[in-house]
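These notes concern the structure reproduced below.
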Amino acid sequence: METFILENTQTMYEMLKELCMIPAPSHFEHERAAWCKAWLETAGAEGVYIDDAENVIFPLNCEGSRNITVFAAHTDTVFPDTEPMPYFDDGERVHCPGCADDTASLVVLLLLAKYCIQNKIKPAGGFLFVCNSAEEGLGNLKGTKQLFADYDGRISAFLSFDSRLNVVNDRCVGSHRYEVEISTEGGHSFQAFGLPNAIAVLSSVIARMYEIQVPVKEGARTTYNVGTVTGGTSVNTIAQSAKMLCEYRSDDKDCLAFMRERFFEIFREAEADGVKISVKQVGDRPCGDVDADAIARLKDIVIPVIESVTGERVRCISASTDCNIPLSKGVPALCIGVNEYYGVHTREEWVDKASMVKGLEIALRVAETLLNRT
């Protein structure tokens, strides 16, 4: 293992740069998918394919198995850019939007697959390596949803590489996301003064939303947010249309249901003469529904490995990740970190290069431990 890591450290950094130079907004990951498929095949992988959701899938000894362990990392970035983004390597850190979330993790996943190929590893239950699509934002976990539709009932454990070293996401945060549009007759700002203004109505809706008292439940956290607002025609026009994107989140399904009721109560009350409101759900990430003992058993395998490599205690926290899908289906899943970073989801994002070496060791040791217990 140590030899493999030493021999592939420089390769790891080169892969990171190549992948960072391939733009991959959610739903437009096809170029990265093609790169990953070609790289895996060059590394000796057989049976690699790209599915309808643009997941790159490499099954290793999975034929006929109903006890598959998935290793995954997502190919998309949160950024909408369709041209290569600025990339800078200062020797210790790589600076590039999306370099840590989740490109560096994707590199580790690919090298883990290469390690298994080179060492002719044949897990009894099968390993499934998945470069999955559409994890970010309105990607709505499309890739992982497709994976679990195609492998229904065959996956027994799911590990996503999408966090930082010493952090394990063992509980999922569910969310509902909506596009809300207010429509009115509109008119000239002077001649039609007094008619409903879509922007004003939307503003009052937002103000009411921010008066919501979130449910308080032990061990749970609930939040809400208005992310974007658009609308209007000109300074001298009573706005005919205004839109927003909004969401609420919780790691408790009852709290999620409470927030839905409150949001739609506000939406219904906003309707009036001359005011129409349209609500379209654009995102649905489910909460977990899995046996706590099954999660604990998986943590008992993974956490000691992480702590032995880093020499630090692991923190377990809730998050919204690809693990939402397996956890909602009763499949034990953890999201683990394989690098250290700063500024994810900002243009100032960077990843610590040395941390990726530790991350690769964690991935290899976790896989070997799971192999021995399959």
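Numbering starts fresh at 1 for the residues of each chain in the structure tokens, the chains themselves are lettered A, B, ... in the order given, and ligands are numbered from 1 as they appear.
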
Shell around region 359-361 of chain A at 7 Å using only C-alpha atoms, local window under 6 positions removed, as a PDB file with N, CA and C atoms, in the first residue's frame:
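The result, written out as out30.pdb:
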ATOM      1  N   VAL A 108      -9.169  10.632  -5.649  1.00  0.00           N
ATOM      2  CA  VAL A 108      -8.914   9.551  -4.694  1.00  0.00           C
ATOM      3  C   VAL A 108      -9.735   8.318  -5.038  1.00  0.00           C
ATOM      4  N   VAL A 338     -11.559  12.974   2.438  1.00  0.00           N
ATOM      5  CA  VAL A 338     -10.259  12.480   1.979  1.00  0.00           C
ATOM      6  C   VAL A 338      -9.326  13.645   1.626  1.00  0.00           C
ATOM      7  N   ASN A 339      -9.604  14.835   2.169  1.00  0.00           N
ATOM      8  CA  ASN A 339      -8.708  15.979   1.980  1.00  0.00           C
ATOM      9  C   ASN A 339      -9.073  17.091   2.964  1.00  0.00           C
TER      10      ASN A 339
END

ask   = Within 6 Å of region 29-31 of chain A, counting only C-alpha atoms, which residues qualify if same-chain residues fewer than 3 places away don't, as a list in words?
value = Ala24, Ala34 and Asp76 of chain A

Among the residues of region 149-373 of chain A, find those DSSP assigns to strand (DSSP E) from the backbone and print them as a compact mmCIF listing (two decimals) with N, CA and C atoms, in the first residue's frame.
# COMPACT_ATOMS: atom_id res chain seq x y z
N ILE A 155 -27.45 -3.18 -3.02
CA ILE A 155 -26.41 -2.43 -2.32
C ILE A 155 -26.61 -2.55 -0.81
N SER A 156 -25.54 -2.96 -0.12
CA SER A 156 -25.63 -3.16 1.34
C SER A 156 -24.89 -2.08 2.13
N ALA A 157 -24.02 -1.33 1.48
CA ALA A 157 -23.29 -0.25 2.16
C ALA A 157 -22.86 0.78 1.12
N PHE A 158 -22.81 2.05 1.54
CA PHE A 158 -22.51 3.15 0.62
C PHE A 158 -21.57 4.11 1.30
N LEU A 159 -20.43 4.39 0.66
CA LEU A 159 -19.47 5.36 1.18
C LEU A 159 -19.22 6.43 0.13
N SER A 160 -19.49 7.67 0.50
CA SER A 160 -19.24 8.79 -0.40
C SER A 160 -18.03 9.56 0.08
N PHE A 161 -17.12 9.89 -0.84
CA PHE A 161 -15.97 10.74 -0.52
C PHE A 161 -16.38 12.18 -0.83
N ASP A 162 -16.74 12.93 0.22
CA ASP A 162 -17.24 14.28 -0.02
C ASP A 162 -17.30 15.06 1.29
N SER A 163 -16.21 15.04 2.04
CA SER A 163 -16.16 15.78 3.29
C SER A 163 -14.71 16.13 3.54
N VAL A 167 -13.93 14.35 9.57
CA VAL A 167 -15.37 14.60 9.63
C VAL A 167 -16.09 13.48 8.93
N VAL A 168 -17.05 12.90 9.61
CA VAL A 168 -17.91 11.87 9.02
C VAL A 168 -19.35 12.35 9.11
N ASN A 169 -20.04 12.36 7.98
CA ASN A 169 -21.47 12.69 7.97
C ASN A 169 -22.24 11.39 8.10
N ASP A 170 -22.82 11.20 9.30
CA ASP A 170 -23.51 9.94 9.58
C ASP A 170 -25.03 10.10 9.64
N ARG A 171 -25.50 11.30 9.40
CA ARG A 171 -26.93 11.58 9.41
C ARG A 171 -27.23 12.56 8.30
N CYS A 172 -28.31 12.35 7.56
CA CYS A 172 -28.55 13.18 6.39
C CYS A 172 -29.56 14.30 6.67
N GLY A 174 -32.41 16.38 5.07
CA GLY A 174 -33.36 16.42 3.97
C GLY A 174 -33.72 17.86 3.62
N SER A 175 -34.19 18.07 2.40
CA SER A 175 -34.60 19.41 2.00
C SER A 175 -35.64 19.36 0.90
N HIS A 176 -36.47 20.40 0.87
CA HIS A 176 -37.41 20.63 -0.24
C HIS A 176 -37.11 22.01 -0.79
N ARG A 177 -37.04 22.09 -2.12
CA ARG A 177 -36.69 23.35 -2.77
C ARG A 177 -37.77 23.73 -3.76
N TYR A 178 -38.07 25.03 -3.82
CA TYR A 178 -39.19 25.49 -4.64
C TYR A 178 -38.81 26.72 -5.45
N GLU A 179 -39.37 26.77 -6.67
CA GLU A 179 -39.38 28.00 -7.45
C GLU A 179 -40.78 28.59 -7.29
N VAL A 180 -40.86 29.79 -6.76
CA VAL A 180 -42.14 30.45 -6.48
C VAL A 180 -42.23 31.69 -7.36
N GLU A 181 -43.32 31.78 -8.13
CA GLU A 181 -43.52 32.93 -9.01
C GLU A 181 -44.82 33.65 -8.65
N ILE A 182 -44.72 34.96 -8.52
CA ILE A 182 -45.87 35.84 -8.32
C ILE A 182 -46.18 36.52 -9.65
N SER A 183 -47.45 36.47 -10.07
CA SER A 183 -47.87 37.11 -11.32
C SER A 183 -48.99 38.10 -11.04
N THR A 184 -48.90 39.28 -11.65
CA THR A 184 -49.93 40.31 -11.51
C THR A 184 -50.20 40.93 -12.87
N GLY A 187 -48.48 47.23 -15.02
CA GLY A 187 -48.89 48.46 -15.67
C GLY A 187 -47.88 49.57 -15.49
N HIS A 188 -48.26 50.78 -15.94
CA HIS A 188 -47.38 51.94 -15.83
C HIS A 188 -47.31 52.39 -14.37
N THR A 222 -33.24 22.52 12.07
CA THR A 222 -34.08 22.88 10.94
C THR A 222 -33.75 24.32 10.52
N THR A 223 -33.64 24.54 9.21
CA THR A 223 -33.32 25.87 8.68
C THR A 223 -34.16 26.16 7.45
N TYR A 224 -34.13 27.41 7.00
CA TYR A 224 -34.77 27.77 5.73
C TYR A 224 -33.98 28.90 5.08
N ASN A 225 -34.22 29.13 3.79
CA ASN A 225 -33.44 30.14 3.08
C ASN A 225 -34.13 30.55 1.79
N VAL A 226 -34.01 31.84 1.45
CA VAL A 226 -34.34 32.33 0.11
C VAL A 226 -33.02 32.58 -0.58
N GLY A 227 -32.79 31.87 -1.69
CA GLY A 227 -31.48 31.91 -2.33
C GLY A 227 -31.34 32.91 -3.45
N THR A 228 -32.37 33.05 -4.30
CA THR A 228 -32.33 34.02 -5.40
C THR A 228 -33.69 34.68 -5.54
N VAL A 229 -33.66 35.94 -6.03
CA VAL A 229 -34.88 36.70 -6.33
C VAL A 229 -34.68 37.40 -7.66
N THR A 230 -35.64 37.28 -8.56
CA THR A 230 -35.59 37.97 -9.85
C THR A 230 -36.97 38.53 -10.16
N GLY A 231 -37.04 39.50 -11.08
CA GLY A 231 -38.34 39.99 -11.50
C GLY A 231 -38.33 41.43 -11.96
N THR A 237 -42.24 50.55 -14.30
CA THR A 237 -43.23 49.52 -14.60
C THR A 237 -43.62 48.82 -13.30
N ILE A 238 -44.93 48.68 -13.09
CA ILE A 238 -45.40 47.86 -11.98
C ILE A 238 -45.13 46.40 -12.35
N SER A 241 -44.20 40.17 -12.83
CA SER A 241 -43.70 38.86 -12.42
C SER A 241 -42.49 39.01 -11.51
N ALA A 242 -42.43 38.15 -10.51
CA ALA A 242 -41.25 38.07 -9.64
C ALA A 242 -41.11 36.63 -9.18
N LYS A 243 -39.87 36.16 -9.13
CA LYS A 243 -39.61 34.76 -8.77
C LYS A 243 -38.59 34.68 -7.65
N MET A 244 -38.64 33.59 -6.92
CA MET A 244 -37.58 33.29 -5.97
C MET A 244 -37.33 31.78 -5.96
N LEU A 245 -36.14 31.41 -5.54
CA LEU A 245 -35.81 30.03 -5.20
C LEU A 245 -35.63 29.97 -3.70
N CYS A 246 -36.34 29.05 -3.06
CA CYS A 246 -36.27 28.96 -1.61
C CYS A 246 -36.23 27.49 -1.19
N GLU A 247 -35.84 27.28 0.04
CA GLU A 247 -35.74 25.92 0.55
C GLU A 247 -35.92 25.91 2.06
N TYR A 248 -36.21 24.73 2.60
CA TYR A 248 -36.08 24.46 4.02
C TYR A 248 -35.38 23.12 4.15
N ARG A 249 -34.67 22.96 5.27
CA ARG A 249 -33.88 21.75 5.50
C ARG A 249 -34.08 21.27 6.93
N SER A 250 -33.93 19.98 7.11
CA SER A 250 -33.92 19.41 8.46
C SER A 250 -33.37 18.00 8.40
N VAL A 275 -53.64 38.73 -8.04
CA VAL A 275 -52.36 38.13 -7.68
C VAL A 275 -52.45 36.62 -7.83
N LYS A 276 -51.57 36.08 -8.62
CA LYS A 276 -51.50 34.63 -8.80
C LYS A 276 -50.15 34.13 -8.32
N ILE A 277 -50.15 33.03 -7.63
CA ILE A 277 -48.88 32.45 -7.15
C ILE A 277 -48.74 31.04 -7.69
N SER A 278 -47.56 30.76 -8.24
CA SER A 278 -47.26 29.44 -8.79
C SER A 278 -46.07 28.86 -8.04
N VAL A 279 -46.22 27.63 -7.56
CA VAL A 279 -45.16 26.98 -6.78
C VAL A 279 -44.74 25.70 -7.48
N LYS A 280 -43.48 25.60 -7.82
CA LYS A 280 -42.94 24.42 -8.48
C LYS A 280 -41.82 23.83 -7.63
N GLN A 281 -41.94 22.56 -7.26
CA GLN A 281 -40.88 21.93 -6.49
C GLN A 281 -39.73 21.56 -7.44
N VAL A 282 -38.54 22.05 -7.12
CA VAL A 282 -37.39 21.82 -7.99
C VAL A 282 -36.31 20.98 -7.30
N GLY A 283 -36.53 20.61 -6.04
CA GLY A 283 -35.55 19.79 -5.34
C GLY A 283 -36.19 19.01 -4.22
N ASP A 284 -35.78 17.75 -4.07
CA ASP A 284 -36.32 16.89 -3.02
C ASP A 284 -35.21 15.96 -2.56
N ARG A 285 -34.69 16.24 -1.37
CA ARG A 285 -33.67 15.37 -0.77
C ARG A 285 -34.27 14.76 0.49
N ARG A 315 -15.12 13.78 14.04
CA ARG A 315 -16.39 14.41 14.41
C ARG A 315 -17.49 13.90 13.49
N CYS A 316 -18.62 13.52 14.07
CA CYS A 316 -19.77 13.07 13.29
C CYS A 316 -20.83 14.16 13.27
N ILE A 317 -21.22 14.59 12.07
CA ILE A 317 -22.20 15.66 11.94
C ILE A 317 -23.19 15.34 10.82
N SER A 318 -24.29 16.08 10.80
CA SER A 318 -25.30 15.92 9.75
C SER A 318 -24.89 16.72 8.51
N ALA A 319 -25.33 16.27 7.34
CA ALA A 319 -25.07 17.00 6.10
C ALA A 319 -26.02 16.51 5.02
N ALA A 333 -25.00 4.23 5.24
CA ALA A 333 -24.14 5.05 4.38
C ALA A 333 -23.42 6.09 5.23
N LEU A 334 -22.20 6.41 4.82
CA LEU A 334 -21.41 7.45 5.47
C LEU A 334 -20.76 8.29 4.40
N CYS A 335 -20.66 9.58 4.69
CA CYS A 335 -19.89 10.48 3.84
C CYS A 335 -18.60 10.80 4.59
N ILE A 336 -17.46 10.49 3.99
CA ILE A 336 -16.18 10.66 4.68
C ILE A 336 -15.28 11.60 3.89
N GLY A 337 -14.31 12.20 4.59
CA GLY A 337 -13.42 13.15 3.96
C GLY A 337 -12.10 12.53 3.57
N TYR A 341 -9.43 21.41 3.15
CA TYR A 341 -9.71 22.46 2.19
C TYR A 341 -10.17 23.74 2.88
N TYR A 342 -10.37 24.75 2.06
CA TYR A 342 -10.92 26.01 2.53
C TYR A 342 -11.80 26.60 1.43
N TRP A 350 -9.63 26.26 -2.06
CA TRP A 350 -8.36 25.58 -2.26
C TRP A 350 -8.36 24.25 -1.51
N VAL A 351 -7.46 23.37 -1.95
CA VAL A 351 -7.31 22.07 -1.30
C VAL A 351 -5.84 21.88 -0.94
N ASP A 352 -5.60 21.33 0.24
CA ASP A 352 -4.25 21.05 0.70
C ASP A 352 -3.74 19.76 0.04

query = Using the chain letters and numbers from this document, which residues of region 284-364 of chain A does DSSP assign to alpha helix (DSSP H), as a PyMOL selection string?
reply = chain A and resi 292-310+324-328+353-364

Expected file: the selected residues, N, CA and C atoms, as an mmCIF file, in the first residue's frame:
data_model
loop_
_atom_site.group_PDB
_atom_site.id
_atom_site.type_symbol
_atom_site.label_atom_id
_atom_site.label_comp_id
_atom_site.auth_asym_id
_atom_site.auth_seq_id
_atom_site.Cartn_x
_atom_site.Cartn_y
_atom_site.Cartn_z
ATOM 1 N N ALA A 292 -30.203 2.446 13.260
ATOM 2 C CA ALA A 292 -29.038 3.096 13.876
ATOM 3 C C ALA A 292 -27.904 2.110 14.126
ATOM 4 N N ASP A 293 -28.222 0.860 14.431
ATOM 5 C CA ASP A 293 -27.182 -0.138 14.679
ATOM 6 C C ASP A 293 -26.379 -0.431 13.411
ATOM 7 N N ALA A 294 -27.058 -0.395 12.250
ATOM 8 C CA ALA A 294 -26.367 -0.638 10.985
ATOM 9 C C ALA A 294 -25.373 0.480 10.699
ATOM 10 N N ILE A 295 -25.768 1.720 10.990
ATOM 11 C CA ILE A 295 -24.854 2.846 10.839
ATOM 12 C C ILE A 295 -23.686 2.713 11.810
ATOM 13 N N ALA A 296 -23.982 2.317 13.027
ATOM 14 C CA ALA A 296 -22.929 2.173 14.044
ATOM 15 C C ALA A 296 -21.900 1.128 13.623
ATOM 16 N N ARG A 297 -22.367 0.033 13.035
ATOM 17 C CA ARG A 297 -21.430 -1.021 12.590
ATOM 18 C C ARG A 297 -20.520 -0.505 11.489
ATOM 19 N N LEU A 298 -21.058 0.291 10.579
ATOM 20 C CA LEU A 298 -20.234 0.849 9.510
ATOM 21 C C LEU A 298 -19.244 1.864 10.075
ATOM 22 N N LYS A 299 -19.676 2.667 11.015
ATOM 23 C CA LYS A 299 -18.772 3.616 11.666
ATOM 24 C C LYS A 299 -17.658 2.905 12.417
ATOM 25 N N ASP A 300 -17.964 1.758 13.009
ATOM 26 C CA ASP A 300 -16.949 0.998 13.740
ATOM 27 C C ASP A 300 -15.838 0.507 12.815
ATOM 28 N N ILE A 301 -16.146 0.375 11.537
ATOM 29 C CA ILE A 301 -15.141 -0.023 10.563
ATOM 30 C C ILE A 301 -14.351 1.186 10.075
ATOM 31 N N VAL A 302 -15.055 2.254 9.760
ATOM 32 C CA VAL A 302 -14.456 3.397 9.078
ATOM 33 C C VAL A 302 -13.705 4.333 10.016
ATOM 34 N N ILE A 303 -14.306 4.684 11.142
ATOM 35 C CA ILE A 303 -13.723 5.714 12.004
ATOM 36 C C ILE A 303 -12.352 5.338 12.564
ATOM 37 N N PRO A 304 -12.144 4.101 13.035
ATOM 38 C CA PRO A 304 -10.792 3.761 13.519
ATOM 39 C C PRO A 304 -9.719 3.919 12.437
ATOM 40 N N VAL A 305 -10.069 3.650 11.192
ATOM 41 C CA VAL A 305 -9.102 3.822 10.103
ATOM 42 C C VAL A 305 -8.737 5.295 9.959
ATOM 43 N N ILE A 306 -9.736 6.149 9.934
ATOM 44 C CA ILE A 306 -9.482 7.580 9.775
ATOM 45 C C ILE A 306 -8.622 8.102 10.918
ATOM 46 N N GLU A 307 -8.973 7.724 12.131
ATOM 47 C CA GLU A 307 -8.230 8.224 13.293
ATOM 48 C C GLU A 307 -6.807 7.695 13.334
ATOM 49 N N SER A 308 -6.601 6.475 12.843
ATOM 50 C CA SER A 308 -5.242 5.921 12.834
ATOM 51 C C SER A 308 -4.359 6.636 11.819
ATOM 52 N N VAL A 309 -4.940 7.073 10.711
ATOM 53 C CA VAL A 309 -4.165 7.763 9.678
ATOM 54 C C VAL A 309 -3.888 9.215 10.063
ATOM 55 N N THR A 310 -4.887 9.896 10.619
ATOM 56 C CA THR A 310 -4.742 11.321 10.918
ATOM 57 C C THR A 310 -4.224 11.602 12.315
ATOM 58 N N ASN A 324 -27.960 10.825 1.314
ATOM 59 C CA ASN A 324 -29.393 10.960 1.578
ATOM 60 C C ASN A 324 -30.196 9.843 0.929
ATOM 61 N N ILE A 325 -29.800 9.448 -0.276
ATOM 62 C CA ILE A 325 -30.587 8.449 -0.998
ATOM 63 C C ILE A 325 -30.475 7.073 -0.345
ATOM 64 N N PRO A 326 -29.273 6.520 -0.150
ATOM 65 C CA PRO A 326 -29.224 5.209 0.523
ATOM 66 C C PRO A 326 -29.833 5.242 1.926
ATOM 67 N N LEU A 327 -29.573 6.302 2.688
ATOM 68 C CA LEU A 327 -30.098 6.368 4.049
ATOM 69 C C LEU A 327 -31.627 6.402 4.048
ATOM 70 N N SER A 328 -32.223 7.034 3.046
ATOM 71 C CA SER A 328 -33.687 7.072 2.967
ATOM 72 C C SER A 328 -34.266 5.717 2.586
ATOM 73 N N LYS A 353 -2.635 19.845 -0.674
ATOM 74 C CA LYS A 353 -2.152 18.705 -1.457
ATOM 75 C C LYS A 353 -1.717 17.547 -0.559
ATOM 76 N N ALA A 354 -1.009 17.834 0.515
ATOM 77 C CA ALA A 354 -0.535 16.765 1.391
ATOM 78 C C ALA A 354 -1.692 16.005 2.020
ATOM 79 N N SER A 355 -2.800 16.687 2.253
ATOM 80 C CA SER A 355 -3.946 16.020 2.859
ATOM 81 C C SER A 355 -4.534 14.958 1.940
ATOM 82 N N MET A 356 -4.361 15.132 0.639
ATOM 83 C CA MET A 356 -4.862 14.137 -0.310
ATOM 84 C C MET A 356 -4.112 12.813 -0.178
ATOM 85 N N VAL A 357 -2.845 12.879 0.226
ATOM 86 C CA VAL A 357 -2.065 11.661 0.438
ATOM 87 C C VAL A 357 -2.661 10.879 1.602
ATOM 88 N N LYS A 358 -2.986 11.583 2.685
ATOM 89 C CA LYS A 358 -3.658 10.933 3.812
ATOM 90 C C LYS A 358 -5.025 10.402 3.386
ATOM 91 N N GLY A 359 -5.719 11.177 2.573
ATOM 92 C CA GLY A 359 -7.034 10.754 2.107
ATOM 93 C C GLY A 359 -6.979 9.475 1.293
ATOM 94 N N LEU A 360 -5.954 9.371 0.447
ATOM 95 C CA LEU A 360 -5.794 8.157 -0.336
ATOM 96 C C LEU A 360 -5.517 6.966 0.583
ATOM 97 N N GLU A 361 -4.671 7.163 1.590
ATOM 98 C CA GLU A 361 -4.399 6.074 2.528
ATOM 99 C C GLU A 361 -5.677 5.651 3.262
ATOM 100 N N ILE A 362 -6.480 6.627 3.669
ATOM 101 C CA ILE A 362 -7.747 6.308 4.328
ATOM 102 C C ILE A 362 -8.624 5.474 3.408
ATOM 103 N N ALA A 363 -8.747 5.881 2.156
ATOM 104 C CA ALA A 363 -9.596 5.159 1.204
ATOM 105 C C ALA A 363 -9.116 3.721 1.026
ATOM 106 N N LEU A 364 -7.805 3.544 0.874
ATOM 107 C CA LEU A 364 -7.260 2.205 0.657
ATOM 108 C C LEU A 364 -7.466 1.321 1.888
#

Check which residues of region 235-288 of chain A sit at most 7 Å from region 198-210 of chain A using only C-alpha atoms, and return one row each with the closest pair of atoms and their distance in Å to one decimal, ordered by chain and rising number, as a Markdown table.
| residue | atom | partner | partner_atom | distance |
| --- | --- | --- | --- | --- |
| A:Ala239 | CA | A:Ala198 | CA | 5.2 |
| A:Gln240 | CA | A:Ala198 | CA | 5.5 |
| A:Ser241 | CA | A:Ala198 | CA | 5.3 |
| A:Ala242 | CA | A:Ile199 | CA | 5.4 |
| A:Phe263 | CA | A:Met209 | CA | 6.9 |
| A:Ile266 | CA | A:Val205 | CA | 6.7 |
| A:Ala270 | CA | A:Val205 | CA | 6.8 |
